[in-house]
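Participant: Hey, dropping model39.txt in here, compact mmCIF, C-alpha atoms:
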```txt
# COMPACT_ATOMS: atom_id res chain seq x y z
CA MET I 1 -4.89 41.39 109.48
CA LYS I 2 -6.53 37.99 109.51
CA LEU I 3 -5.46 35.08 111.74
CA ARG I 4 -6.55 31.60 110.63
CA ALA I 5 -5.58 27.95 110.66
CA ALA I 6 -3.03 27.14 107.97
CA LYS I 7 -3.85 25.02 104.93
CA LEU I 8 -1.53 22.80 102.92
CA THR I 9 -1.52 25.39 100.14
CA ASP I 10 0.03 27.89 102.59
CA ALA I 11 3.36 26.02 102.65
CA PRO I 12 5.13 28.33 100.14
CA GLY I 13 3.95 31.48 101.95
CA ILE I 14 4.95 30.10 105.34
CA ALA I 15 8.34 29.10 103.89
CA LYS I 16 8.94 32.64 102.62
CA VAL I 17 8.18 34.12 106.03
CA HIS I 18 10.32 31.45 107.70
CA VAL I 19 13.40 32.09 105.55
CA ASP I 20 13.05 35.88 105.53
CA SER I 21 12.50 35.95 109.29
CA TRP I 22 15.54 33.78 109.94
CA ARG I 23 17.63 36.15 107.81
CA THR I 24 16.57 39.21 109.82
CA THR I 25 16.15 37.65 113.28
CA TYR I 26 19.42 35.72 113.28
CA LYS I 27 21.57 38.28 111.45
CA ASN I 28 24.79 38.66 113.50
CA ILE I 29 23.81 35.57 115.53
CA ILE I 30 24.16 32.82 112.91
CA SER I 31 26.68 33.10 110.06
CA ASN I 32 25.52 35.17 107.09
CA GLU I 33 26.74 32.41 104.77
CA PHE I 34 24.40 29.91 106.44
CA LEU I 35 21.45 32.32 106.34
CA GLN I 36 21.96 33.13 102.66
CA LYS I 37 21.94 29.42 101.79
CA LEU I 38 18.44 28.96 103.25
CA SER I 39 16.08 27.93 100.47
CA TYR I 40 12.42 28.82 100.02
CA GLU I 41 11.93 25.55 98.14
CA GLN I 42 13.51 23.36 100.82
CA ARG I 43 11.60 25.16 103.56
CA ALA I 44 8.34 24.82 101.57
CA ASN I 45 8.91 21.06 101.35
CA SER I 46 9.39 20.94 105.13
CA TRP I 47 6.19 22.93 105.63
CA PHE I 48 4.21 20.62 103.33
CA GLN I 49 5.29 17.81 105.68
CA ASN I 50 4.53 19.85 108.83
CA LEU I 51 1.09 20.82 107.55
CA SER I 52 0.35 17.19 106.63
CA ASN I 53 0.99 16.07 110.22
CA PRO I 54 -2.35 15.99 112.09
CA ASN I 55 -0.52 16.52 115.39
CA ASN I 56 1.00 19.82 114.28
CA TYR I 57 -1.20 22.90 114.65
CA VAL I 58 -0.20 25.80 112.42
CA PHE I 59 -1.74 29.26 112.25
CA VAL I 60 -1.02 32.11 109.85
CA VAL I 61 -1.65 35.84 109.78
CA GLU I 62 -2.42 37.46 106.45
CA ASN I 63 -2.20 41.15 105.60
CA ASN I 64 -5.02 42.96 103.79
CA GLU I 65 -3.69 41.72 100.43
CA GLY I 66 -3.93 38.08 101.57
CA ASP I 67 -0.16 37.58 101.89
CA ILE I 68 1.12 35.55 104.84
CA VAL I 69 3.14 37.86 107.08
CA GLY I 70 3.47 35.63 110.15
CA PHE I 71 2.91 32.11 111.38
CA ALA I 72 3.15 29.98 114.48
CA ASP I 73 2.79 26.33 115.34
CA CYS I 74 2.46 24.06 118.32
CA GLY I 75 2.00 20.43 119.22
CA LYS I 76 4.03 17.94 121.18
CA ARG I 77 7.63 17.28 120.21
CA THR I 78 8.62 13.63 120.19
CA SER I 79 11.37 14.54 122.67
CA ASN I 80 8.76 15.88 125.12
CA GLN I 81 8.00 12.99 127.49
CA ILE I 82 6.15 15.07 130.09
CA ASP I 83 2.46 14.17 130.50
CA GLU I 84 -0.16 16.80 129.68
CA SER I 85 2.40 19.16 128.14
CA GLY I 86 3.04 20.57 124.70
CA ASP I 87 5.43 22.77 122.78
CA ILE I 88 5.34 26.02 120.90
CA THR I 89 7.66 25.17 118.05
CA SER I 90 7.77 28.48 116.20
CA ILE I 91 6.48 32.01 115.96
CA TYR I 92 7.86 34.04 113.06
CA ILE I 93 6.71 37.40 111.72
CA LEU I 94 8.19 39.40 108.86
CA GLU I 95 10.32 42.20 110.28
CA GLU I 96 8.16 44.97 108.80
CA TYR I 97 5.08 43.58 110.60
CA GLN I 98 6.68 43.16 114.01
CA GLY I 99 5.56 45.38 116.88
CA GLN I 100 1.92 45.40 115.72
CA GLY I 101 0.54 42.80 118.13
CA ILE I 102 0.70 39.89 115.67
CA GLY I 103 2.99 37.85 117.90
CA LYS I 104 0.62 38.29 120.83
CA GLN I 105 -2.34 37.16 118.69
CA LEU I 106 -0.46 34.13 117.44
CA MET I 107 0.75 33.13 120.89
CA HIS I 108 -2.77 33.49 122.29
CA GLN I 109 -4.06 31.20 119.53
CA LEU I 110 -1.34 28.65 120.34
CA PHE I 111 -2.30 28.70 124.03
CA ILE I 112 -5.96 28.20 123.10
CA GLN I 113 -4.94 25.21 120.96
CA CYS I 114 -2.74 23.77 123.71
CA HIS I 115 -5.62 24.14 126.17
CA LYS I 116 -7.97 22.31 123.75
CA LEU I 117 -5.39 19.51 123.53
CA GLY I 118 -5.44 19.13 127.31
CA PHE I 119 -1.95 20.46 127.89
CA ASN I 120 -1.39 21.99 131.33
CA ARG I 121 2.22 23.01 130.64
CA VAL I 122 3.80 24.50 127.53
CA PHE I 123 7.46 24.68 126.55
CA VAL I 124 9.33 26.81 124.04
CA ALA I 125 12.99 26.90 123.04
CA VAL I 126 14.67 30.10 121.88
CA LEU I 127 18.24 31.14 121.16
CA GLU I 128 19.72 33.22 123.96
CA ASP I 129 20.68 36.02 121.54
CA ASN I 130 17.17 36.17 120.06
CA ASN I 131 15.26 39.07 121.62
CA THR I 132 12.03 37.06 121.35
CA ARG I 133 13.03 35.50 124.66
CA TYR I 134 11.95 38.75 126.33
CA PHE I 135 8.55 38.47 124.64
CA TYR I 136 8.10 35.01 126.16
CA GLU I 137 9.30 36.22 129.55
CA TYR I 138 6.86 39.15 129.42
CA TYR I 139 4.03 36.66 128.95
CA GLY I 140 5.09 34.62 131.95
CA ALA I 141 7.49 31.99 130.60
CA LYS I 142 10.10 30.85 133.12
CA LEU I 143 13.60 29.82 132.11
CA ARG I 144 14.12 26.15 132.96
CA LYS I 145 17.26 25.07 131.13
CA THR I 146 20.11 26.10 128.86
CA GLU I 147 21.91 23.86 126.40
CA LYS I 148 24.70 24.32 123.88
CA ILE I 149 23.85 23.78 120.22
CA LYS I 150 25.54 24.48 116.90
CA ILE I 151 23.82 26.02 113.87
CA GLY I 152 25.76 26.75 110.69
CA GLY I 153 29.04 26.27 112.50
CA THR I 154 28.14 28.76 115.25
CA ASP I 155 28.04 27.68 118.90
CA LEU I 156 24.88 28.99 120.54
CA ASN I 157 22.93 28.74 123.78
CA LEU I 158 19.41 27.39 123.45
CA LEU I 159 17.13 28.44 126.30
CA GLY I 160 14.22 26.24 127.36
CA TYR I 161 11.25 28.12 128.80
CA GLU I 162 8.07 26.83 130.41
CA TRP I 163 4.60 28.08 131.20
CA ASP I 164 3.66 25.78 134.08
CA CYS I 165 -0.06 26.65 134.05
CA ILE I 166 -1.84 27.05 130.72
CA THR I 167 -4.88 28.62 132.42
CA LYS I 168 -2.71 31.33 133.98
CA ALA I 169 -0.99 31.90 130.63
CA LEU I 170 -4.34 32.28 128.85
CA ASN I 171 -5.42 34.87 131.40
CA MET I 172 -2.51 37.11 130.33
CA PHE I 173 -4.39 37.86 127.12
```
Rewrite the coordinates I just gave you, this time as structure tokens.
Facilitator:
Amino acid sequence: MKLRAAKLTDAPGIAKVHVDSWRTTYKNIISNEFLQKLSYEQRANSWFQNLSNPNNYVFVVENNEGDIVGFADCGKRTSNQIDESGDITSIYILEEYQGQGIGKQLMHQLFIQCHKLGFNRVFVAVLEDNNTRYFYEYYGAKLRKTEKIKIGGTDLNLLGYEWDCITKALNMF
């Protein structure tokens, strides 16, 4: 496995992981109809835009064949008005590659990037029914807020987590 910074040409590979991961991660959480309508092409267009933004830091993991099997990104959301803080905006790994330490590697890389950016605090949002929340909790994230959202016609709880000390978070790796 190889972890590296993403390039613009990675957008289609990231989009495939994004769509496929949503379909497995959110099965029985978000409507199947909504998940099946997700489009590789639309997601690739979004990732071209994300990768073109110099304030968005994206990393990918490739398997031995050079295929992208996971990705993660961080930066500072426009809604984040807290000084010296940033956001993990996504970590997605294809289901068949989960449980191999890829998520830990990606999160460590995101924390390194956040530290380089001068962030002392890091936030992440995750759906309450997504088991990834336990991964974040294991690595020291503290639940700070819950809000109601709707995705694909389904009412969901979005949990907001925080690492209040990036140095302490980095020491967990």
Participant: Rank I:Leu156, I:Tyr97, I:Val61, I:Lys2 by their smallest atom-to-atom distance to Asn130 in chain I, using only C-alpha atoms, and report the top residue only.
Facilitator: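 So, comparing all the options, the nearest one is I:Leu156.
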Participant: Counting all atoms listed in the file, I want the residues whose atoms come within 10 Å of (29.4, 23.9, 106.5) in the file frame, returned as a ChimeraX atom specification.
Facilitator: /I:33-34,151-153
Participant: Mind pulling up the distance from CA of Arg23 in chain I to CA of Asn45 in chain I?
Facilitator: 18.6 Å
Participant: May I have the residues within 12 Å of Gly99 in chain I as a list in words, using all atoms listed in the file and disregarding those fewer than 5 positions away in the same chain?
Facilitator: Ile93, Leu94, Lys104, Gln105, Thr132 and Phe135 of chain I
Participant: Between I:Leu51, I:Leu170, I:Leu8, I:Ile82, single out the one closest to Phe123 in chain I, counting only C-alpha atoms.
Facilitator: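 Checking each of I:Leu51, I:Leu170, I:Leu8, I:Ile82 against Phe123 in chain I, counting only C-alpha atoms, the winner is I:Ile82.
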Participant: List the neighbours of His18 in chain I out to 9 Å using only C-alpha atoms; skip same-chain residues closer than 2 positions along the sequence, and give me the result as number ranges by chain.
Facilitator: I: 13-16, 20-23, 40, 43, 70-71, 92-94
